[in-house]
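**Q** Before I ask anything, let me first share the structure, which is written out below as structure tokens.
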Amino acid sequence: MQIITQKITPFLDQKPGTSGLRKPTFHWQQEHYTESFIQAIFNVLGVRGKTIVIGGDGRYHNDKAIEIIIKMAVAQKAAKLIVAEGGLLTTPAASHLIRFNKADFGIILSASHNPGGKNGDFGIKFNLNAGQPAPESVTEAVFAASKELESYTICETEHLPPLRAGFYDIEDTKMEVVSSTADYADLMEELFDFDKLREFLKTRPLVFDAMHAATGPYALEIFGKRLGLDEKYLINTIPLPDFGAGHPDPQPSYAQDLNAALEQYPEAVLGAASDGDGDRNMVTGQKFFINPCDSLAVIAANSAHIPCLRGLKGIGRTMPTSRAIDVVAKQKGFNCYQTPTGWKFFGNLLNADKIQLCGEESFGTSGNHIREKDGIWAVLCWLSILAAENKTPAEIMQAHWQTYGRHHFNRFDYEGLDKEAASKMITAFGEDMAHRIGSRFDNLTLTHAAQFDYTDPTNGETSRNQGLEIQFGEQARIICRLSGTDTRGATLRIYCEYWQQIGEHEPHLPSTSPTQALATIAHNAMNISERFDMHQPTNIV
Ligand code: G1P
Ligand code: ZN
């Protein structure tokens, strides 16, 4: 097998964002581009003698990228490659495989919920040996390595083994192709009471929309085969390279198929969907959407019903995620940590056993069984709660609000902005608000306005400027930050939270929706209409 070292001119734009490096697919298809990023990862994490897990969400360019990684790893003498059958692996299953096999690291090919296909996006992320997304210090090191990269090493061959389960030798490297679903499904069976859930699903089924993305085979294996759910309740389970031209993003704007199936099967109590790489989840009752911040709070409040969460002591949430879970933590005596946006910040807290449950407003929830968010796991948590309480999701939610009050929450996105102008606008808004502490806004008193700086309590590493946080005491918050995952222009995210406390009567709430009232304060104060000629957000979640 011929090994070649290819000289290149370094690429200067391989800076990972909130979750790996995401770019339009055609950008990745440039000559040497994918190879450059893989070589930068290898240069930082090492490759000779290492064991590496490889798989992706099946989107367009998945196969090609896997082939490149295998050829480069073999040329650079990796000890062992653990590759998913057909190259298909959800992000949570990849995290589990890394841990289960004590691999050195994993490379996951995914742009998560971004659309795929030739005209969509592609992405690569890499996770360390506890299965956790690489922290900022490592992603920065990879970016630095990519900017100085002058060559990469790859072997030339037309004869790689097929991605079918089995053991293969390629030169000095061993390659094991493993079932995408088996180890992960076994893990779920250990974490939950499958007998109880099987019984429950017999009369109160779940509808699950895999959105033609990576969770399809997992849903069929876990809900279908192992929990006995009739497959008619599992929709869009065939993974497609372009997700059937859909948007693999589980949120109300893309829930048409799920809603139609819920209507078709009125006996279903729970509806759920997962994103491109299976780490996000959306849960809903019949015509009753559950906000992810509320979902996280409900899981914490009912952790006694969830076998793998019975020892819950600490929870984590990202800064923009609503404080619904903080109220639960306070009442139940759980420790509560606030981290910047992105799952990578939970890794160290989970490794140190400071938290056993964590989540973010962007439809992400998980526990300490892996180091990624986990869509199917969250659905199994909800099924466990429903089976124990014998109530509908709407009834569970109403009871929760009765006990803890209700944190109204919405995220208002403005897409396609100029990055520099948007960033300056947020800074100016923050400075203006900082001068107005103590002022009244619609019956709310401004108590805090500053950028969120985070210090990791496990190692003292700091991450500054993680979003502008504007507080009106415990009552309300506005958060502003720019997305770190978009691939075309900048997206401004305005997160608004308003706590309707127990016993509080309607007149206390602003006449429009309370989150809309907060969003209007932010919109006007930043003068978005004039600055960007945008009179409303492009998307409200
Ligand atoms: C978005 C979400 C964030 C999530 C990330 C990866 O990042 O907001 O919570 O961790 O996708 O799934 P953003 O585009 O806001 O940087
Ligand atoms: Zn995802």
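Residue numbering restarts at 1 in every chain; chains get A, B, ... in the order shown in the structure tokens, and ligands count up from 1 in that same order.
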Please identify the strand (DSSP E) residues within stretch 309-509 of chain A (assignment by DSSP from backbone atoms) and present them as a VMD selection string.
**A** chain A and resid 314 to 318 335 to 339 357 to 360 364 to 367 406 to 417 440 to 441 444 to 445 448 to 451 454 to 455 462 to 463 468 to 472 476 to 482 490 to 500
**Q** Let's have the selection written as a compact mmCIF listing (two decimals), in the first residue's frame, with C-alpha atoms.
**A**
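again_9.txt written:
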# COMPACT_ATOMS: atom_id res chain seq x y z
CA GLY A 314 -26.35 17.75 41.03
CA ILE A 315 -27.70 19.21 37.82
CA GLY A 316 -26.23 21.44 35.14
CA ARG A 317 -27.86 23.79 32.66
CA THR A 318 -26.41 26.13 30.09
CA ASN A 335 -26.46 21.33 43.46
CA CYS A 336 -27.00 23.49 40.40
CA TYR A 337 -24.31 24.57 37.90
CA GLN A 338 -24.61 27.12 35.11
CA THR A 339 -22.30 26.65 32.12
CA LEU A 357 -28.32 15.34 34.84
CA CYS A 358 -27.85 18.26 32.50
CA GLY A 359 -29.53 20.04 29.66
CA GLU A 360 -29.89 23.01 27.40
CA GLY A 364 -30.63 18.79 24.65
CA THR A 365 -30.89 16.57 27.74
CA SER A 366 -28.71 13.81 29.15
CA GLY A 367 -27.27 12.09 32.18
CA ARG A 406 -43.99 28.44 35.44
CA HIS A 407 -40.95 29.75 33.60
CA HIS A 408 -42.27 31.01 30.29
CA PHE A 409 -39.43 30.68 27.79
CA ASN A 410 -38.82 31.48 24.13
CA ARG A 411 -35.83 31.99 21.89
CA PHE A 412 -36.02 34.63 19.17
CA ASP A 413 -33.53 34.13 16.32
CA TYR A 414 -32.50 36.76 13.78
CA GLU A 415 -30.69 35.00 10.97
CA GLY A 416 -28.38 36.19 8.21
CA LEU A 417 -26.86 39.20 9.97
CA ARG A 440 -37.91 49.90 35.62
CA PHE A 441 -38.96 48.16 32.39
CA LEU A 444 -39.58 44.79 36.08
CA THR A 445 -36.51 46.16 37.83
CA HIS A 448 -27.81 42.82 36.36
CA ALA A 449 -26.36 43.30 32.89
CA ALA A 450 -23.01 41.75 31.99
CA GLN A 451 -21.29 39.23 29.77
CA TYR A 454 -17.38 30.92 33.17
CA THR A 455 -14.77 29.33 35.38
CA THR A 462 -12.05 30.30 32.22
CA SER A 463 -14.16 31.02 29.14
CA LEU A 468 -24.88 38.95 27.52
CA GLU A 469 -27.06 38.22 30.54
CA ILE A 470 -29.66 40.78 31.58
CA GLN A 471 -31.53 39.97 34.76
CA PHE A 472 -34.62 41.33 36.40
CA ALA A 476 -37.13 37.58 34.29
CA ARG A 477 -34.04 37.39 32.09
CA ILE A 478 -32.97 38.37 28.59
CA ILE A 479 -29.87 36.70 27.12
CA CYS A 480 -28.21 37.75 23.86
CA ARG A 481 -25.50 35.88 22.02
CA LEU A 482 -24.39 34.99 18.54
CA ALA A 490 -24.44 35.37 11.78
CA THR A 491 -27.50 34.49 13.86
CA LEU A 492 -28.47 36.61 16.84
CA ARG A 493 -30.24 34.64 19.55
CA ILE A 494 -32.37 36.46 22.12
CA TYR A 495 -33.55 34.16 24.91
CA CYS A 496 -36.38 35.43 27.11
CA GLU A 497 -37.57 33.93 30.36
CA TYR A 498 -40.38 35.08 32.64
CA TRP A 499 -41.32 33.33 35.89
CA GLN A 500 -45.02 33.21 36.65
**Q** Considering only C-alpha atoms, return as a ChimeraX atom specification whatever protein or nucleic-acid residues lie within 7 Å of stretch 115-128 of chain A, sequence-local ones (same chain, fewer than 3 positions apart) excluded.
**A** /A:19-26,59-60,104-111,131-134,241-243,246-248
**Q** May I have the residues from that selection written out with N, CA and C atoms, as a PDB file, in the first residue's frame?
**A**
ATOM      1  N   SER A  19     -20.066  23.306  18.415  1.00  0.00           N
ATOM      2  CA  SER A  19     -19.997  21.850  18.387  1.00  0.00           C
ATOM      3  C   SER A  19     -19.308  21.391  17.103  1.00  0.00           C
ATOM      4  N   GLY A  20     -17.994  21.389  17.126  1.00  0.00           N
ATOM      5  CA  GLY A  20     -17.213  20.937  15.982  1.00  0.00           C
ATOM      6  C   GLY A  20     -17.133  21.964  14.865  1.00  0.00           C
ATOM      7  N   LEU A  21     -16.558  21.533  13.741  1.00  0.00           N
ATOM      8  CA  LEU A  21     -16.417  22.420  12.584  1.00  0.00           C
ATOM      9  C   LEU A  21     -17.545  22.139  11.607  1.00  0.00           C
ATOM     10  N   ARG A  22     -18.373  23.145  11.354  1.00  0.00           N
ATOM     11  CA  ARG A  22     -19.476  22.990  10.392  1.00  0.00           C
ATOM     12  C   ARG A  22     -19.298  23.963   9.247  1.00  0.00           C
ATOM     13  N   LYS A  23     -19.487  23.460   8.044  1.00  0.00           N
ATOM     14  CA  LYS A  23     -19.364  24.300   6.845  1.00  0.00           C
ATOM     15  C   LYS A  23     -20.335  23.745   5.807  1.00  0.00           C
ATOM     16  N   PRO A  24     -20.660  24.558   4.785  1.00  0.00           N
ATOM     17  CA  PRO A  24     -21.444  23.998   3.685  1.00  0.00           C
ATOM     18  C   PRO A  24     -20.715  22.776   3.114  1.00  0.00           C
ATOM     19  N   THR A  25     -21.495  21.789   2.663  1.00  0.00           N
ATOM     20  CA  THR A  25     -20.890  20.545   2.164  1.00  0.00           C
ATOM     21  C   THR A  25     -19.859  20.827   1.073  1.00  0.00           C
ATOM     22  N   PHE A  26     -20.193  21.749   0.144  1.00  0.00           N
ATOM     23  CA  PHE A  26     -19.249  21.998  -0.965  1.00  0.00           C
ATOM     24  C   PHE A  26     -17.915  22.527  -0.456  1.00  0.00           C
ATOM     25  N   ARG A  59     -25.197  11.648   6.673  1.00  0.00           N
ATOM     26  CA  ARG A  59     -25.492  12.682   5.678  1.00  0.00           C
ATOM     27  C   ARG A  59     -24.480  12.610   4.526  1.00  0.00           C
ATOM     28  N   TYR A  60     -24.817  13.303   3.453  1.00  0.00           N
ATOM     29  CA  TYR A  60     -23.972  13.366   2.263  1.00  0.00           C
ATOM     30  C   TYR A  60     -22.545  13.744   2.673  1.00  0.00           C
ATOM     31  N   ASP A 104      -9.165   5.987  22.563  1.00  0.00           N
ATOM     32  CA  ASP A 104      -8.466   7.229  22.902  1.00  0.00           C
ATOM     33  C   ASP A 104      -9.290   8.455  22.521  1.00  0.00           C
ATOM     34  N   PHE A 105      -9.960   8.348  21.387  1.00  0.00           N
ATOM     35  CA  PHE A 105     -10.868   9.440  21.015  1.00  0.00           C
ATOM     36  C   PHE A 105     -11.799   8.973  19.897  1.00  0.00           C
ATOM     37  N   GLY A 106     -12.732   9.835  19.525  1.00  0.00           N
ATOM     38  CA  GLY A 106     -13.673   9.486  18.463  1.00  0.00           C
ATOM     39  C   GLY A 106     -13.809  10.648  17.494  1.00  0.00           C
ATOM     40  N   ILE A 107     -14.114  10.318  16.246  1.00  0.00           N
ATOM     41  CA  ILE A 107     -14.390  11.376  15.265  1.00  0.00           C
ATOM     42  C   ILE A 107     -15.813  11.154  14.768  1.00  0.00           C
ATOM     43  N   ILE A 108     -16.647  12.168  14.952  1.00  0.00           N
ATOM     44  CA  ILE A 108     -18.068  12.047  14.603  1.00  0.00           C
ATOM     45  C   ILE A 108     -18.366  13.001  13.453  1.00  0.00           C
ATOM     46  N   LEU A 109     -18.976  12.439  12.409  1.00  0.00           N
ATOM     47  CA  LEU A 109     -19.249  13.238  11.221  1.00  0.00           C
ATOM     48  C   LEU A 109     -20.697  13.678  11.273  1.00  0.00           C
ATOM     49  N   SER A 110     -20.904  14.932  11.545  1.00  0.00           N
ATOM     50  CA  SER A 110     -22.275  15.417  11.672  1.00  0.00           C
ATOM     51  C   SER A 110     -22.313  16.935  11.688  1.00  0.00           C
ATOM     52  N   ALA A 111     -23.375  17.482  11.122  1.00  0.00           N
ATOM     53  CA  ALA A 111     -23.651  18.905  11.327  1.00  0.00           C
ATOM     54  C   ALA A 111     -24.981  18.997  12.070  1.00  0.00           C
ATOM     55  N   GLY A 131     -15.497  10.167  26.265  1.00  0.00           N
ATOM     56  CA  GLY A 131     -16.653  10.288  25.367  1.00  0.00           C
ATOM     57  C   GLY A 131     -17.142  11.713  25.245  1.00  0.00           C
ATOM     58  N   GLN A 132     -16.420  12.655  25.865  1.00  0.00           N
ATOM     59  CA  GLN A 132     -16.926  14.034  25.887  1.00  0.00           C
ATOM     60  C   GLN A 132     -16.411  14.856  24.708  1.00  0.00           C
ATOM     61  N   PRO A 133     -17.224  15.822  24.229  1.00  0.00           N
ATOM     62  CA  PRO A 133     -16.747  16.709  23.166  1.00  0.00           C
ATOM     63  C   PRO A 133     -15.472  17.405  23.629  1.00  0.00           C
ATOM     64  N   ALA A 134     -14.538  17.588  22.714  1.00  0.00           N
ATOM     65  CA  ALA A 134     -13.270  18.226  23.075  1.00  0.00           C
ATOM     66  C   ALA A 134     -13.536  19.599  23.687  1.00  0.00           C
ATOM     67  N   PRO A 241     -29.253  10.515   2.974  1.00  0.00           N
ATOM     68  CA  PRO A 241     -28.134  11.465   2.957  1.00  0.00           C
ATOM     69  C   PRO A 241     -28.580  12.926   3.006  1.00  0.00           C
ATOM     70  N   ASP A 242     -29.831  13.189   2.559  1.00  0.00           N
ATOM     71  CA  ASP A 242     -30.295  14.591   2.618  1.00  0.00           C
ATOM     72  C   ASP A 242     -31.515  14.701   3.537  1.00  0.00           C
ATOM     73  N   PHE A 243     -31.692  13.673   4.399  1.00  0.00           N
ATOM     74  CA  PHE A 243     -32.804  13.653   5.359  1.00  0.00           C
ATOM     75  C   PHE A 243     -34.151  13.834   4.650  1.00  0.00           C
ATOM     76  N   GLY A 246     -35.554  17.209   4.136  1.00  0.00           N
ATOM     77  CA  GLY A 246     -36.155  17.870   5.304  1.00  0.00           C
ATOM     78  C   GLY A 246     -35.121  18.570   6.155  1.00  0.00           C
ATOM     79  N   HIS A 247     -35.603  19.056   7.269  1.00  0.00           N
ATOM     80  CA  HIS A 247     -34.768  19.804   8.202  1.00  0.00           C
ATOM     81  C   HIS A 247     -34.709  18.947   9.464  1.00  0.00           C
ATOM     82  N   PRO A 248     -33.599  18.247   9.723  1.00  0.00           N
ATOM     83  CA  PRO A 248     -33.599  17.275  10.829  1.00  0.00           C
ATOM     84  C   PRO A 248     -33.468  17.962  12.185  1.00  0.00           C
TER      85      PRO A 248
END
**Q** Tell me which protein, DNA and RNA residues are within 7 Å of A:Ser112, counting only C-alpha atoms, leaving out same-chain ones fewer than 2 positions away, and put them as an mmCIF file with N, CA, C and O atoms, in the first residue's frame.
**A**
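Contents of part22.cif, as written:
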data_model
loop_
_atom_site.group_PDB
_atom_site.id
_atom_site.type_symbol
_atom_site.label_atom_id
_atom_site.label_comp_id
_atom_site.auth_asym_id
_atom_site.auth_seq_id
_atom_site.Cartn_x
_atom_site.Cartn_y
_atom_site.Cartn_z
ATOM 1 N N SER A 110 -20.904 14.932 11.545
ATOM 2 C CA SER A 110 -22.275 15.417 11.672
ATOM 3 C C SER A 110 -22.313 16.935 11.688
ATOM 4 O O SER A 110 -21.403 17.580 12.205
ATOM 5 N N ASN A 114 -28.484 20.803 11.248
ATOM 6 C CA ASN A 114 -28.418 21.569 9.996
ATOM 7 C C ASN A 114 -28.808 20.649 8.835
ATOM 8 O O ASN A 114 -28.452 19.482 8.835
ATOM 9 N N ASP A 275 -32.901 14.726 16.300
ATOM 10 C CA ASP A 275 -32.280 15.467 15.196
ATOM 11 C C ASP A 275 -31.349 14.600 14.361
ATOM 12 O O ASP A 275 -31.262 13.388 14.561
ATOM 13 N N GLY A 276 -30.623 15.235 13.432
ATOM 14 C CA GLY A 276 -29.755 14.541 12.486
ATOM 15 C C GLY A 276 -28.878 13.487 13.130
ATOM 16 O O GLY A 276 -28.806 12.356 12.665
ATOM 17 N N ASP A 277 -28.213 13.829 14.215
ATOM 18 C CA ASP A 277 -27.270 12.899 14.833
ATOM 19 C C ASP A 277 -27.788 12.331 16.155
ATOM 20 O O ASP A 277 -27.014 11.763 16.939
#
**Q** For A:Gln6, please output as a PyMOL selection string all residues within 10 Å (counting only C-alpha atoms; exclusion window: fewer than 5 positions along the same chain).
**A** chain A and resi 32+35+150-154
**Q** Would you export the selected residues with N, CA and C atoms as a compact mmCIF listing (two decimals), in the first residue's frame, please?
**A**
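Once everything was written out, this is result.txt:
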# COMPACT_ATOMS: atom_id res chain seq x y z
N HIS A 32 -8.30 18.65 -0.42
CA HIS A 32 -7.48 18.63 0.81
C HIS A 32 -8.18 19.20 2.05
N GLU A 35 -9.14 16.44 4.64
CA GLU A 35 -7.88 15.85 5.08
C GLU A 35 -7.14 16.79 6.03
N GLU A 150 1.30 21.99 6.81
CA GLU A 150 1.90 22.08 5.48
C GLU A 150 1.72 20.80 4.68
N SER A 151 1.32 19.72 5.37
CA SER A 151 1.12 18.47 4.64
C SER A 151 0.28 17.51 5.46
N TYR A 152 -0.25 16.49 4.79
CA TYR A 152 -0.91 15.40 5.51
C TYR A 152 -0.46 14.08 4.90
N THR A 153 -0.66 13.00 5.66
CA THR A 153 -0.18 11.69 5.21
C THR A 153 -1.36 10.74 5.06
N ILE A 154 -1.37 10.07 3.93
CA ILE A 154 -2.54 9.22 3.62
C ILE A 154 -2.05 8.02 2.80
**Q** Taking only C-alpha atoms and all ligand atoms into account, name the residue in A:Ala387, A:Ala394, A:Ala78, A:Met282 that is nearest to ligand 2.
**A**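 Selected residue with least distance to ligand 2: A:Met282.
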**Q** Out of A:Ile69, A:Ala273, A:Ala268, A:Ala84, which residue has the shortest atom-to-atom distance to ligand 2 when counting only C-alpha atoms and all ligand atoms?
**A** A:Ala273
**Q** Select from chain A every residue with an atom at most 6 Å from any atom of ligand 1, then for each give the shortest pair of atoms and their distance in Å to one decimal, using only C-alpha atoms and all ligand atoms, rows by chain and rising number, as a Markdown table.
**A**
| residue | atom | partner | partner_atom_place_in_ligand_line | distance |
| --- | --- | --- | --- | --- |
| A:Thr18 | CA | ligand 1 | 16 (O) | 4.8 |
| A:Ser19 | CA | ligand 1 | 6 (C) | 5.1 |
| A:Thr341 | CA | ligand 1 | 9 (O) | 5.2 |
| A:Gly342 | CA | ligand 1 | 10 (O) | 3.5 |
| A:Trp343 | CA | ligand 1 | 10 (O) | 5.3 |
| A:Glu360 | CA | ligand 1 | 9 (O) | 5.7 |
| A:Ser362 | CA | ligand 1 | 9 (O) | 4.7 |
| A:Ser483 | CA | ligand 1 | 16 (O) | 3.7 |
| A:Gly484 | CA | ligand 1 | 16 (O) | 3.4 |
| A:Thr485 | CA | ligand 1 | 14 (O) | 4.0 |
| A:Asp486 | CA | ligand 1 | 14 (O) | 5.9 |
**Q** Selected residues, all heavy atoms, written as a PDB file, in the first residue's frame, please.
**A**
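Final output, saved to result.pdb:
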ATOM      1  N   THR A  18     -19.510  26.019  18.330  1.00  0.00           N
ATOM      2  CA  THR A  18     -20.139  25.463  19.533  1.00  0.00           C
ATOM      3  C   THR A  18     -19.996  23.943  19.576  1.00  0.00           C
ATOM      4  O   THR A  18     -19.832  23.353  20.632  1.00  0.00           O
ATOM      5  CB  THR A  18     -21.645  25.827  19.573  1.00  0.00           C
ATOM      6  OG1 THR A  18     -21.795  27.218  19.267  1.00  0.00           O
ATOM      7  CG2 THR A  18     -22.249  25.559  20.924  1.00  0.00           C
ATOM      8  N   SER A  19     -20.066  23.306  18.415  1.00  0.00           N
ATOM      9  CA  SER A  19     -19.997  21.850  18.387  1.00  0.00           C
ATOM     10  C   SER A  19     -19.308  21.391  17.103  1.00  0.00           C
ATOM     11  O   SER A  19     -19.955  21.084  16.122  1.00  0.00           O
ATOM     12  CB  SER A  19     -21.429  21.304  18.482  1.00  0.00           C
ATOM     13  OG  SER A  19     -21.423  19.915  18.389  1.00  0.00           O
ATOM     14  N   THR A 341     -23.058  27.979  26.714  1.00  0.00           N
ATOM     15  CA  THR A 341     -23.745  27.180  25.693  1.00  0.00           C
ATOM     16  C   THR A 341     -22.796  26.135  25.090  1.00  0.00           C
ATOM     17  O   THR A 341     -21.633  26.429  24.842  1.00  0.00           O
ATOM     18  CB  THR A 341     -24.221  28.111  24.572  1.00  0.00           C
ATOM     19  OG1 THR A 341     -25.155  29.015  25.142  1.00  0.00           O
ATOM     20  CG2 THR A 341     -24.900  27.352  23.452  1.00  0.00           C
ATOM     21  N   GLY A 342     -23.322  24.949  24.860  1.00  0.00           N
ATOM     22  CA  GLY A 342     -22.518  23.881  24.238  1.00  0.00           C
ATOM     23  C   GLY A 342     -22.266  22.764  25.219  1.00  0.00           C
ATOM     24  O   GLY A 342     -21.941  23.010  26.383  1.00  0.00           O
ATOM     25  N   TRP A 343     -22.431  21.518  24.747  1.00  0.00           N
ATOM     26  CA  TRP A 343     -22.342  20.369  25.663  1.00  0.00           C
ATOM     27  C   TRP A 343     -20.948  20.202  26.235  1.00  0.00           C
ATOM     28  O   TRP A 343     -20.748  19.611  27.297  1.00  0.00           O
ATOM     29  CB  TRP A 343     -22.802  19.092  24.937  1.00  0.00           C
ATOM     30  CG  TRP A 343     -23.386  18.132  25.895  1.00  0.00           C
ATOM     31  CD1 TRP A 343     -22.756  17.053  26.461  1.00  0.00           C
ATOM     32  CD2 TRP A 343     -24.696  18.171  26.469  1.00  0.00           C
ATOM     33  NE1 TRP A 343     -23.596  16.426  27.338  1.00  0.00           N
ATOM     34  CE2 TRP A 343     -24.801  17.097  27.362  1.00  0.00           C
ATOM     35  CE3 TRP A 343     -25.797  19.026  26.325  1.00  0.00           C
ATOM     36  CZ2 TRP A 343     -25.953  16.836  28.096  1.00  0.00           C
ATOM     37  CZ3 TRP A 343     -26.952  18.772  27.054  1.00  0.00           C
ATOM     38  CH2 TRP A 343     -27.012  17.695  27.926  1.00  0.00           C
ATOM     39  N   GLU A 360     -29.872  21.661  27.959  1.00  0.00           N
ATOM     40  CA  GLU A 360     -29.892  23.011  27.404  1.00  0.00           C
ATOM     41  C   GLU A 360     -31.194  23.255  26.652  1.00  0.00           C
ATOM     42  O   GLU A 360     -31.871  22.318  26.235  1.00  0.00           O
ATOM     43  CB  GLU A 360     -28.663  23.344  26.571  1.00  0.00           C
ATOM     44  CG  GLU A 360     -28.217  22.323  25.581  1.00  0.00           C
ATOM     45  CD  GLU A 360     -26.933  22.746  24.852  1.00  0.00           C
ATOM     46  OE1 GLU A 360     -26.414  23.836  25.077  1.00  0.00           O
ATOM     47  OE2 GLU A 360     -26.471  21.961  24.020  1.00  0.00           O
ATOM     48  N   SER A 362     -31.847  24.198  23.834  1.00  0.00           N
ATOM     49  CA  SER A 362     -31.905  23.829  22.423  1.00  0.00           C
ATOM     50  C   SER A 362     -32.206  22.339  22.257  1.00  0.00           C
ATOM     51  O   SER A 362     -31.597  21.675  21.433  1.00  0.00           O
ATOM     52  CB  SER A 362     -30.597  24.197  21.742  1.00  0.00           C
ATOM     53  OG  SER A 362     -29.523  23.615  22.451  1.00  0.00           O
ATOM     54  N   SER A 483     -24.881  32.862  17.521  1.00  0.00           N
ATOM     55  CA  SER A 483     -24.745  31.422  17.338  1.00  0.00           C
ATOM     56  C   SER A 483     -23.313  31.064  16.962  1.00  0.00           C
ATOM     57  O   SER A 483     -22.632  31.814  16.278  1.00  0.00           O
ATOM     58  CB  SER A 483     -25.685  30.980  16.219  1.00  0.00           C
ATOM     59  OG  SER A 483     -25.246  29.776  15.651  1.00  0.00           O
ATOM     60  N   GLY A 484     -22.893  29.898  17.418  1.00  0.00           N
ATOM     61  CA  GLY A 484     -21.571  29.388  17.031  1.00  0.00           C
ATOM     62  C   GLY A 484     -21.690  28.174  16.141  1.00  0.00           C
ATOM     63  O   GLY A 484     -20.746  27.397  16.026  1.00  0.00           O
ATOM     64  N   THR A 485     -22.855  27.966  15.520  1.00  0.00           N
ATOM     65  CA  THR A 485     -23.013  26.803  14.654  1.00  0.00           C
ATOM     66  C   THR A 485     -23.468  27.164  13.251  1.00  0.00           C
ATOM     67  O   THR A 485     -23.565  26.295  12.396  1.00  0.00           O
ATOM     68  CB  THR A 485     -24.073  25.819  15.214  1.00  0.00           C
ATOM     69  OG1 THR A 485     -25.310  26.516  15.344  1.00  0.00           O
ATOM     70  CG2 THR A 485     -23.653  25.247  16.540  1.00  0.00           C
ATOM     71  N   ASP A 486     -23.771  28.426  13.001  1.00  0.00           N
ATOM     72  CA  ASP A 486     -24.300  28.730  11.668  1.00  0.00           C
ATOM     73  C   ASP A 486     -23.163  28.770  10.656  1.00  0.00           C
ATOM     74  O   ASP A 486     -22.010  29.004  10.987  1.00  0.00           O
ATOM     75  CB  ASP A 486     -25.137  30.015  11.644  1.00  0.00           C
ATOM     76  CG  ASP A 486     -24.482  31.133  12.398  1.00  0.00           C
ATOM     77  OD1 ASP A 486     -23.286  30.988  12.691  1.00  0.00           O
ATOM     78  OD2 ASP A 486     -25.144  32.132  12.681  1.00  0.00           O
TER      79      ASP A 486
END
**Q** Please provide as a ChimeraX atom specification all residues within 12 Å of stretch 182-189 of chain A, with the sequence filter that same-chain residues fewer than 4 positions apart are discarded (counting only C-alpha atoms).
**A** /A:84-85,89-101,165,178,193-198,215,217-227,306-308,367,369-370,374-381
**Q** What is the atom CA of A:Tyr233 to atom CA of A:Val207 distance in Å?
**A**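 Computing the Euclidean distance for atom CA of A:Tyr233 and atom CA of A:Val207 yields 4.8 Å.
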**Q** So which one's closest to ligand 2, A:Tyr33, A:Phe143, A:Phe363, A:Phe11? Using only C-alpha atoms and all ligand atoms, please.
**A**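 Between A:Tyr33, A:Phe143, A:Phe363, A:Phe11, the residue approaching ligand 2 most closely is A:Phe363.
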**Q** Measuring atom to atom with only C-alpha atoms, identify which of A:Tyr254, A:Phe346, A:Phe289, A:Phe192 is nearest to A:Met397.
**A**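 Using only C-alpha atoms, A:Met397 sits closest to A:Phe289.
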**Q** When distances are computed from only C-alpha atoms and all ligand atoms, which of A:Leu88, A:Ser36, A:Ile8, A:Asp279 shows the smallest separation from ligand 2?
**A** A:Asp279
**Q** Measuring atom to atom with only C-alpha atoms, identify which of A:Arg280, A:Arg436, A:Arg464, A:His212 is nearest to A:Ala525.
**A**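 That would be A:Arg436, the residue with the smallest distance to A:Ala525.
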**Q** Please extract the residues of stretch 194-257 of chain A with a backbone DSSP assignment of alpha helix (DSSP H) and present them as a PyMOL selection string.
**A** chain A and resi 194-203+216-219+256-257
**Q** Neighbours of A:Phe42 within 9 Å (only C-alpha atoms; same-chain residues fewer than 6 positions away dropped), as a ChimeraX atom specification?
**A** /A:48,73,142
**Q** Can I get the selected residues back with all heavy atoms, as an mmCIF file, in the first residue's frame?
**A**
data_model
loop_
_atom_site.group_PDB
_atom_site.id
_atom_site.type_symbol
_atom_site.label_atom_id
_atom_site.label_comp_id
_atom_site.auth_asym_id
_atom_site.auth_seq_id
_atom_site.Cartn_x
_atom_site.Cartn_y
_atom_site.Cartn_z
ATOM 1 N N ARG A 48 -0.549 7.498 16.129
ATOM 2 C CA ARG A 48 0.224 6.242 16.179
ATOM 3 C C ARG A 48 -0.129 5.480 17.465
ATOM 4 O O ARG A 48 -0.080 6.016 18.559
ATOM 5 C CB ARG A 48 1.717 6.574 16.154
ATOM 6 C CG ARG A 48 2.612 5.355 16.245
ATOM 7 C CD ARG A 48 4.066 5.767 16.243
ATOM 8 N NE ARG A 48 4.543 6.074 14.910
ATOM 9 C CZ ARG A 48 5.150 5.201 14.106
ATOM 10 N NH1 ARG A 48 5.364 3.967 14.525
ATOM 11 N NH2 ARG A 48 5.550 5.553 12.916
ATOM 12 N N ALA A 73 -5.537 7.303 9.010
ATOM 13 C CA ALA A 73 -5.194 6.633 10.276
ATOM 14 C C ALA A 73 -4.295 5.424 10.015
ATOM 15 O O ALA A 73 -3.350 5.166 10.765
ATOM 16 C CB ALA A 73 -6.469 6.219 11.002
ATOM 17 N N VAL A 142 -6.402 22.534 17.950
ATOM 18 C CA VAL A 142 -6.603 21.957 16.614
ATOM 19 C C VAL A 142 -6.674 23.083 15.566
ATOM 20 O O VAL A 142 -6.087 22.982 14.487
ATOM 21 C CB VAL A 142 -7.876 21.077 16.584
ATOM 22 C CG1 VAL A 142 -8.272 20.711 15.158
ATOM 23 C CG2 VAL A 142 -7.648 19.813 17.416
#
**Q** Near A:Gln264, counting only C-alpha atoms, which residues have an atom at most 12 Å away, once you skip same-chain residues fewer than 4 positions from it, shown as an mmCIF file with C-alpha atoms, in the first residue's frame?
**A**
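Saved result, part13.cif, follows:
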data_model
loop_
_atom_site.group_PDB
_atom_site.id
_atom_site.type_symbol
_atom_site.label_atom_id
_atom_site.label_comp_id
_atom_site.auth_asym_id
_atom_site.auth_seq_id
_atom_site.Cartn_x
_atom_site.Cartn_y
_atom_site.Cartn_z
ATOM 1 C CA VAL A 207 -45.051 8.180 18.352
ATOM 2 C CA LYS A 232 -46.365 1.949 12.674
ATOM 3 C CA TYR A 233 -45.724 4.412 15.513
ATOM 4 C CA ASP A 257 -44.996 14.775 10.343
ATOM 5 C CA LEU A 258 -44.998 14.138 14.080
ATOM 6 C CA ASN A 259 -48.171 16.141 14.616
ATOM 7 C CA ALA A 260 -49.921 14.357 11.752
ATOM 8 C CA ALA A 268 -50.593 7.797 21.633
ATOM 9 C CA GLY A 271 -44.781 12.244 20.766
ATOM 10 C CA GLN A 286 -51.325 15.363 22.189
#
